[in-house]
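Source file target11.cif; content: mmCIF, C-alpha atoms, pLDDT in the B column; chains and numbers go by the auth columns.
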```cif
data_model
#
loop_
_atom_site.group_PDB
_atom_site.id
_atom_site.type_symbol
_atom_site.label_atom_id
_atom_site.label_comp_id
_atom_site.label_asym_id
_atom_site.label_seq_id
_atom_site.Cartn_x
_atom_site.Cartn_y
_atom_site.Cartn_z
_atom_site.B_iso_or_equiv
_atom_site.auth_seq_id
_atom_site.auth_asym_id
ATOM 1 C CA SER A 1 132.813 42.994 28.744 57.00 1 G
ATOM 2 C CA VAL A 2 131.084 39.965 27.277 60.00 2 G
ATOM 3 C CA ALA A 3 130.503 37.470 30.088 61.00 3 G
ATOM 4 C CA SER A 4 129.647 34.540 27.828 65.00 4 G
ATOM 5 C CA ALA A 5 128.772 33.835 24.224 66.00 5 G
ATOM 6 C CA LEU A 6 125.194 32.675 23.663 70.00 6 G
ATOM 7 C CA PRO A 7 123.883 30.461 20.874 68.00 7 G
ATOM 8 C CA ARG A 8 123.109 32.084 17.516 74.00 8 G
ATOM 9 C CA GLY A 9 119.453 32.918 16.907 76.00 9 G
ATOM 10 C CA LEU A 10 118.779 33.819 20.529 82.00 10 G
ATOM 11 C CA SER A 11 117.658 37.360 21.403 85.00 11 G
ATOM 12 C CA LEU A 12 117.306 38.354 25.052 87.00 12 G
ATOM 13 C CA SER A 13 114.917 40.931 26.499 87.00 13 G
ATOM 14 C CA THR A 14 115.369 40.531 30.278 91.00 14 G
ATOM 15 C CA VAL A 15 117.762 39.291 32.946 92.00 15 G
ATOM 16 C CA THR A 16 117.635 39.030 36.745 92.00 16 G
ATOM 17 C CA CYS A 17 119.803 37.418 39.380 92.00 17 G
ATOM 18 C CA ALA A 18 118.241 35.774 42.438 90.00 18 G
ATOM 19 C CA SER A 19 121.618 35.310 44.110 91.00 19 G
ATOM 20 C CA PRO A 20 125.298 35.833 43.224 91.00 20 G
ATOM 21 C CA SER A 21 125.261 32.432 41.497 91.00 21 G
ATOM 22 C CA LEU A 22 121.693 32.039 40.085 92.00 22 G
ATOM 23 C CA CYS A 23 120.742 34.250 37.140 92.00 23 G
ATOM 24 C CA ILE A 24 117.784 33.935 34.752 93.00 24 G
ATOM 25 C CA ALA A 25 117.744 35.541 31.273 92.00 25 G
ATOM 26 C CA ALA A 26 114.928 35.269 28.767 91.00 26 G
ATOM 27 C CA GLY A 27 113.804 36.263 25.302 89.00 27 G
ATOM 28 C CA ALA A 28 113.182 34.449 22.026 87.00 28 G
ATOM 29 C CA ARG A 29 114.739 31.660 19.997 81.00 29 G
ATOM 30 C CA GLY A 30 114.629 32.757 16.379 77.00 30 G
ATOM 31 C CA SER A 31 111.257 34.217 15.512 73.00 31 G
ATOM 32 C CA THR A 32 109.059 31.385 16.730 75.00 32 G
ATOM 33 C CA ARG A 33 109.431 30.509 20.443 82.00 33 G
ATOM 34 C CA GLY A 34 110.311 31.978 23.803 85.00 34 G
ATOM 35 C CA GLU A 35 113.355 30.735 25.661 88.00 35 G
ATOM 36 C CA ILE A 36 114.559 31.015 29.252 91.00 36 G
ATOM 37 C CA LEU A 37 118.242 30.660 30.149 91.00 37 G
ATOM 38 C CA ARG A 38 119.605 29.698 33.569 92.00 38 G
ATOM 39 C CA SER A 39 123.072 30.192 35.011 91.00 39 G
ATOM 40 C CA THR A 40 124.156 28.679 38.323 91.00 40 G
ATOM 41 C CA ASP A 41 127.695 30.077 38.211 90.00 41 G
ATOM 42 C CA GLY A 42 127.022 33.806 38.194 86.00 42 G
ATOM 43 C CA GLY A 43 126.588 34.102 34.431 85.00 43 G
ATOM 44 C CA SER A 44 129.694 32.286 33.166 85.00 44 G
ATOM 45 C CA THR A 45 127.703 29.467 31.535 86.00 45 G
ATOM 46 C CA TRP A 46 124.036 29.262 30.543 88.00 46 G
ATOM 47 C CA THR A 47 121.606 26.435 29.799 87.00 47 G
ATOM 48 C CA GLY A 48 118.321 27.048 28.015 86.00 48 G
ATOM 49 C CA VAL A 49 114.807 25.708 28.156 84.00 49 G
ATOM 50 C CA ILE A 50 111.927 26.478 25.826 79.00 50 G
ATOM 51 C CA PRO A 51 108.925 26.845 28.149 78.00 51 G
ATOM 52 C CA ARG A 52 105.587 25.338 27.202 78.00 52 G
ATOM 53 C CA GLY A 53 103.367 27.903 25.541 69.00 53 G
ATOM 54 C CA GLN A 54 102.010 29.048 22.239 66.00 54 G
ATOM 55 C CA TYR A 55 103.690 29.849 18.935 66.00 55 G
ATOM 56 C CA LEU A 56 105.260 33.348 19.079 68.00 56 G
ATOM 57 C CA ASP A 57 105.137 33.225 22.902 76.00 57 G
ATOM 58 C CA PHE A 58 108.251 35.329 23.590 87.00 58 G
ATOM 59 C CA VAL A 59 109.437 35.922 27.156 91.00 59 G
ATOM 60 C CA ARG A 60 109.589 39.665 27.985 92.00 60 G
ATOM 61 C CA GLY A 61 110.081 39.930 31.764 94.00 61 G
ATOM 62 C CA VAL A 62 111.325 37.874 34.716 95.00 62 G
ATOM 63 C CA SER A 63 111.476 38.405 38.489 96.00 63 G
ATOM 64 C CA CYS A 64 112.714 36.088 41.242 94.00 64 G
ATOM 65 C CA LEU A 65 111.049 35.786 44.631 92.00 65 G
ATOM 66 C CA SER A 66 113.889 33.731 46.140 91.00 66 G
ATOM 67 C CA SER A 67 116.929 31.710 45.094 89.00 67 G
ATOM 68 C CA THR A 68 114.612 28.948 43.818 91.00 68 G
ATOM 69 C CA SER A 69 111.323 30.638 42.840 94.00 69 G
ATOM 70 C CA CYS A 70 110.912 32.937 39.796 95.00 70 G
ATOM 71 C CA VAL A 71 108.097 34.241 37.564 96.00 71 G
ATOM 72 C CA ALA A 72 108.406 35.024 33.843 95.00 72 G
ATOM 73 C CA VAL A 73 105.874 36.819 31.612 94.00 73 G
ATOM 74 C CA GLY A 74 105.531 37.260 27.875 90.00 74 G
ATOM 75 C CA ASP A 75 103.442 37.639 24.790 86.00 75 G
ATOM 76 C CA ILE A 76 99.926 36.243 24.465 82.00 76 G
ATOM 77 C CA TYR A 77 99.399 36.878 28.200 83.00 77 G
ATOM 78 C CA SER A 78 101.755 34.094 29.142 89.00 78 G
ATOM 79 C CA VAL A 79 103.084 33.479 32.632 93.00 79 G
ATOM 80 C CA TRP A 80 105.523 30.780 33.717 94.00 80 G
ATOM 81 C CA THR A 81 106.743 29.919 37.222 96.00 81 G
ATOM 82 C CA THR A 82 109.630 27.858 38.559 95.00 82 G
ATOM 83 C CA ASP A 83 110.283 26.509 42.042 95.00 83 G
ATOM 84 C CA ASP A 84 113.491 24.643 41.219 93.00 84 G
ATOM 85 C CA ALA A 85 115.820 27.546 40.357 91.00 85 G
ATOM 86 C CA GLY A 86 114.838 27.587 36.684 92.00 86 G
ATOM 87 C CA ARG A 87 115.345 23.912 35.789 93.00 87 G
ATOM 88 C CA THR A 88 111.665 23.522 34.839 93.00 88 G
ATOM 89 C CA TRP A 89 108.915 26.093 34.156 93.00 89 G
ATOM 90 C CA THR A 90 105.148 25.685 34.552 93.00 90 G
ATOM 91 C CA TYR A 91 102.733 27.550 32.267 91.00 91 G
ATOM 92 C CA ARG A 92 100.064 29.519 34.200 91.00 92 G
ATOM 93 C CA ALA A 93 96.729 30.919 33.027 84.00 93 G
ATOM 94 C CA THR A 94 95.832 34.619 33.224 85.00 94 G
ATOM 95 C CA PRO A 95 92.385 36.293 33.166 81.00 95 G
ATOM 96 C CA ILE A 96 93.070 37.999 29.829 72.00 96 G
ATOM 97 C CA ASP A 97 93.723 36.209 26.563 63.00 97 G
ATOM 98 C CA ILE A 98 94.178 39.026 24.023 69.00 98 G
ATOM 99 C CA GLY A 99 97.351 41.029 24.541 80.00 99 G
ATOM 100 C CA ASP A 100 100.911 40.816 25.806 88.00 100 G
ATOM 101 C CA LEU A 101 102.701 41.058 29.150 92.00 101 G
ATOM 102 C CA SER A 102 105.996 42.926 29.113 92.00 102 G
ATOM 103 C CA GLY A 103 107.174 43.152 32.724 95.00 103 G
ATOM 104 C CA VAL A 104 106.834 41.602 36.180 96.00 104 G
ATOM 105 C CA SER A 105 108.058 42.498 39.662 96.00 105 G
ATOM 106 C CA CYS A 106 107.696 40.399 42.829 96.00 106 G
ATOM 107 C CA ILE A 107 107.986 41.277 46.523 94.00 107 G
ATOM 108 C CA GLY A 108 107.579 38.238 48.742 90.00 108 G
ATOM 109 C CA ARG A 109 104.802 36.111 47.203 94.00 109 G
ATOM 110 C CA LEU A 110 103.082 39.191 45.687 95.00 110 G
ATOM 111 C CA CYS A 111 103.786 39.650 41.967 96.00 111 G
ATOM 112 C CA THR A 112 102.554 42.446 39.703 95.00 112 G
ATOM 113 C CA ALA A 113 102.693 42.155 35.897 94.00 113 G
ATOM 114 C CA VAL A 114 102.067 44.825 33.257 93.00 114 G
ATOM 115 C CA GLY A 115 101.343 44.843 29.549 91.00 115 G
ATOM 116 C CA GLN A 116 98.738 45.756 26.994 88.00 116 G
ATOM 117 C CA ALA A 117 95.310 44.391 26.168 83.00 117 G
ATOM 118 C CA TYR A 118 93.510 44.520 22.839 75.00 118 G
ATOM 119 C CA SER A 119 89.839 44.733 22.002 64.00 119 G
ATOM 120 C CA ALA A 120 88.026 41.404 22.276 60.00 120 G
ATOM 121 C CA THR A 121 86.599 41.682 18.740 55.00 121 G
ATOM 122 C CA VAL A 122 88.600 41.378 15.554 53.00 122 G
ATOM 123 C CA GLN A 123 86.438 44.049 13.881 50.00 123 G
ATOM 124 C CA SER A 124 87.381 46.671 16.480 56.00 124 G
ATOM 125 C CA PHE A 125 90.323 48.912 15.593 58.00 125 G
ATOM 126 C CA ALA A 126 90.553 50.493 19.056 65.00 126 G
ATOM 127 C CA PRO A 127 94.117 51.074 20.242 68.00 127 G
ATOM 128 C CA PRO A 128 95.446 48.792 22.965 74.00 128 G
ATOM 129 C CA HIS A 129 95.251 49.877 26.592 81.00 129 G
ATOM 130 C CA GLY A 130 97.554 49.238 29.525 85.00 130 G
ATOM 131 C CA VAL A 131 96.701 46.499 31.995 88.00 131 G
ATOM 132 C CA VAL A 132 98.034 45.547 35.437 90.00 132 G
ATOM 133 C CA LEU A 133 97.676 41.995 36.783 93.00 133 G
ATOM 134 C CA ARG A 134 98.412 40.879 40.345 94.00 134 G
ATOM 135 C CA SER A 135 99.114 37.513 41.959 96.00 135 G
ATOM 136 C CA ASP A 136 99.354 36.938 45.701 95.00 136 G
ATOM 137 C CA ASP A 137 100.541 33.325 45.428 96.00 137 G
ATOM 138 C CA ALA A 138 103.913 33.656 43.663 95.00 138 G
ATOM 139 C CA GLY A 139 102.466 33.785 40.130 95.00 139 G
ATOM 140 C CA ARG A 140 100.191 30.757 40.195 95.00 140 G
ATOM 141 C CA HIS A 141 96.866 32.656 39.902 95.00 141 G
ATOM 142 C CA TRP A 142 96.292 36.151 38.500 93.00 142 G
ATOM 143 C CA LEU A 143 93.604 38.832 38.766 90.00 143 G
ATOM 144 C CA ARG A 144 93.198 42.072 36.841 87.00 144 G
ATOM 145 C CA ARG A 145 94.304 44.888 39.155 85.00 145 G
ATOM 146 C CA ALA A 146 93.885 47.920 36.882 81.00 146 G
ATOM 147 C CA THR A 147 93.297 49.078 33.313 79.00 147 G
ATOM 148 C CA ILE A 148 94.781 52.329 32.070 77.00 148 G
ATOM 149 C CA ASP A 149 92.918 53.498 28.974 74.00 149 G
ATOM 150 C CA SER A 150 95.019 56.599 28.299 66.00 150 G
ATOM 151 C CA THR A 151 98.118 54.596 27.534 66.00 151 G
ATOM 152 C CA PHE A 152 99.290 52.563 24.569 70.00 152 G
ATOM 153 C CA SER A 153 101.179 49.956 26.607 79.00 153 G
ATOM 154 C CA LEU A 154 102.732 49.368 30.001 87.00 154 G
ATOM 155 C CA ASP A 155 106.296 48.315 29.298 88.00 155 G
ATOM 156 C CA GLY A 156 108.133 47.725 32.581 91.00 156 G
ATOM 157 C CA ILE A 157 107.542 47.608 36.324 93.00 157 G
ATOM 158 C CA ASP A 158 109.510 47.687 39.547 94.00 158 G
ATOM 159 C CA CYS A 159 107.839 47.268 42.927 94.00 159 G
ATOM 160 C CA VAL A 160 109.655 48.901 45.821 93.00 160 G
ATOM 161 C CA SER A 161 107.262 47.489 48.434 93.00 161 G
ATOM 162 C CA ARG A 162 104.089 45.395 48.571 89.00 162 G
ATOM 163 C CA SER A 163 102.047 48.595 48.257 89.00 163 G
ATOM 164 C CA LEU A 164 103.998 50.718 45.726 91.00 164 G
ATOM 165 C CA CYS A 165 105.093 49.925 42.173 90.00 165 G
ATOM 166 C CA TRP A 166 106.444 52.193 39.432 92.00 166 G
ATOM 167 C CA ILE A 167 105.436 51.480 35.842 90.00 167 G
ATOM 168 C CA ALA A 168 107.094 52.711 32.639 90.00 168 G
ATOM 169 C CA SER A 169 104.595 53.335 29.852 86.00 169 G
ATOM 170 C CA SER A 170 104.238 54.352 26.240 77.00 170 G
ATOM 171 C CA ILE A 171 101.426 56.907 25.864 74.00 171 G
ATOM 172 C CA ASP A 172 101.763 56.502 22.114 69.00 172 G
ATOM 173 C CA PRO A 173 104.652 55.325 19.897 69.00 173 G
ATOM 174 C CA ASN A 174 106.532 58.621 20.492 76.00 174 G
ATOM 175 C CA ASN A 175 105.789 59.612 24.120 77.00 175 G
ATOM 176 C CA GLY A 176 106.257 57.960 27.502 81.00 176 G
ATOM 177 C CA ALA A 177 105.030 58.298 31.099 81.00 177 G
ATOM 178 C CA ILE A 178 105.644 56.878 34.560 82.00 178 G
ATOM 179 C CA PHE A 179 102.690 55.594 36.617 78.00 179 G
ATOM 180 C CA SER A 180 102.529 54.490 40.225 78.00 180 G
ATOM 181 C CA VAL A 181 100.249 51.689 41.409 74.00 181 G
ATOM 182 C CA THR A 182 99.420 51.347 45.079 72.00 182 G
#
```
Full structure transcribed into structure tokens:
Amino acid sequence: SVASALPRGLSLSTVTCASPSLCIAAGARGSTRGEILRSTDGGSTWTGVIPRGQYLDFVRGVSCLSSTSCVAVGDIYSVWTTDDAGRTWTYRATPIDIGDLSGVSCIGRLCTAVGQAYSATVQSFAPPHGVVLRSDDAGRHWLRRATIDSTFSLDGIDCVSRSLCWIASSIDPNNGAIFSVT
């Protein structure tokens, strides 16, 4: 059943609930900006915020560390964090500036994000490769954890412990794979 009607022009790509009352959903407003929605009543009503970022900076993944702290990731290697249950979001830098992040999973203060990176030169027509980033301070600072050259993109992640994550991947536009990262 439809829990609530959302504003026109909003497309969502991810949702997570940090508690029975706090839920965070995210995606894009129209075709120009990312948007993050927050519900404090279990999804009955939603309020939105457009996080600071770049043009075409869509939000693709979100994970909550607690009932007040969450991390969101998106296009153009964007990361945002909140420590006030989604009222405000802070833009964070990543070590890679050419590519997109599509998923994030946090256990405690350890967060792992996945996506795809592109060649650093415009003249290069090399296909993108999968990349894994890791933060040990709740999404404030990020380091490259791994690069997977045999994959087109890393699309989603779920960490079951601090030492084991499962990653869904596209090998090419028509084939997929599952990777583990320890």
Item checked: Chain and number of each residue from the PyMOL selection byres ((chain G and resi 101) around 8), as a ChimeraX atom specification -> /G:60-61,73-78,99-100,102-103,113-116
May I have a table of the residues of region 86-176 of chain G lying at most 12 Å from region 39-47 of chain G, giving each one's closest pair of atoms and their distance in Å to one decimal, counting all atoms listed in the file, ordered by chain and ascending residue number, as a Markdown table?
```
| residue | atom | partner | partner_atom | distance |
| --- | --- | --- | --- | --- |
| G:Gly86 | CA | G:Ser39 | CA | 8.8 |
| G:Arg87 | CA | G:Thr47 | CA | 9.0 |
| G:Thr88 | CA | G:Thr47 | CA | 11.5 |
```
Notebook entry, point to check: Pick the closest to Gly48 (chain G) from G:Arg29, G:Val62, G:Arg134, G:Ala177: which is it, counting only C-alpha atoms?
Noted result: G:Arg29
Next item on the list: Using only C-alpha atoms, determine which residues lie at most 7 Å from Thr94 (chain G), disregarding the query and same-chain residues fewer than 2 positions distant; provide the list as a ChimeraX atom specification.
Entry: /G:77,92,96,142
For the PyMOL selection byres ((chain G and resi 20-26) around 6), applied here, can you spell out every residue it catches as a PDB file with C-alpha atoms, in the frame of the given file?
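Contents of part.pdb, as written:
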```pdb
ATOM      1  CA  LEU G  12     117.306  38.354  25.052  1.00 87.00           C
ATOM      2  CA  THR G  14     115.369  40.531  30.278  1.00 91.00           C
ATOM      3  CA  VAL G  15     117.762  39.291  32.946  1.00 92.00           C
ATOM      4  CA  THR G  16     117.635  39.030  36.745  1.00 92.00           C
ATOM      5  CA  CYS G  17     119.803  37.418  39.380  1.00 92.00           C
ATOM      6  CA  ALA G  18     118.241  35.774  42.438  1.00 90.00           C
ATOM      7  CA  SER G  19     121.618  35.310  44.110  1.00 91.00           C
ATOM      8  CA  GLY G  27     113.804  36.263  25.302  1.00 89.00           C
ATOM      9  CA  GLU G  35     113.355  30.735  25.661  1.00 88.00           C
ATOM     10  CA  ILE G  36     114.559  31.015  29.252  1.00 91.00           C
ATOM     11  CA  LEU G  37     118.242  30.660  30.149  1.00 91.00           C
ATOM     12  CA  ARG G  38     119.605  29.698  33.569  1.00 92.00           C
ATOM     13  CA  SER G  39     123.072  30.192  35.011  1.00 91.00           C
ATOM     14  CA  THR G  40     124.156  28.679  38.323  1.00 91.00           C
ATOM     15  CA  ASP G  41     127.695  30.077  38.211  1.00 90.00           C
ATOM     16  CA  GLY G  42     127.022  33.806  38.194  1.00 86.00           C
ATOM     17  CA  VAL G  59     109.437  35.922  27.156  1.00 91.00           C
TER      18      VAL G  59
END
```
Notebook entry, point to check: What is the CA of Pro128 (chain G) to CA of Ser13 (chain G) distance in Å?
Noted result: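 It comes out at 21.3 Å.
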Next item on the list: Compile the contact shell of Asp137 (chain G) as a ChimeraX atom specification: residues with an atom at most 12 Å away, counting all atoms listed in the file, same-chain residues fewer than 3 positions apart removed.
Entry: /G:65,69-71,81,92,106-112,134,140-143
Check: So how many Å separate CA of Val160 (chain G) and CA of His129 (chain G), to one decimal?
Finding: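 Going from CA of Val160 (chain G) over to CA of His129 (chain G) covers 24.0 Å.
If you look at CA of Ser63 (chain G) and CA of Gly30 (chain G), they are 23.0 Å away from each other.
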Note to self: Env of Ala28 (chain G): 6 Å cut, atoms = all atoms listed in the file, seq-sep filter 2 positions within chain, self excluded. Answer as a PyMOL selection string.
What the structure shows: chain G and resi 10-11+33-35+58
Margin query: Could you check the closest approach to Asp149 (chain G) for each of G:Trp80, G:Ala117, G:Ser161, G:Trp166 and tell me which residue wins, using only C-alpha atoms?
Written below: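 So, comparing all the options, the nearest one is G:Ala117.
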Next item on the list: Determine the nearest neighbour of Ile167 (chain G) from the options G:Val132, G:Thr90, G:Arg8, G:Arg144, counting all atoms listed in the file.
Entry: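 Of G:Val132, G:Thr90, G:Arg8, G:Arg144, the one nearest Ile167 (chain G), counting all atoms listed in the file, is G:Val132.
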Checklist line | Residue nearest Arg162 (chain G) among G:Ala72, G:Val181, G:Ala93, G:Cys64 (counting only C-alpha atoms) | finding: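 The shortest atom-to-atom distance to Arg162 (chain G) comes from G:Val181.
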Next item on the list: Run the PyMOL selection byres ((chain G and resi 178) around 10) on the file and write out the hits as a list in words.
Entry: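 Applying the expression gives Leu154, Gly156, Ile157, Trp166, Ile167, Ala168, Ser169, Ser170, Ile171, Gly176, Ala177, Phe179 and Ser180 of chain G.
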Check: Using only C-alpha atoms, which of G:Phe152, G:Leu133, G:Ile50, G:Leu164 sits nearest Trp89 (chain G)?
Finding: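 Closest candidate: G:Ile50.
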Checklist line | Cut-off 7 Å around (110.0, 27.7, 45.7) with only C-alpha atoms: residues as a ChimeraX atom specification | finding: /G:68-69,83-84
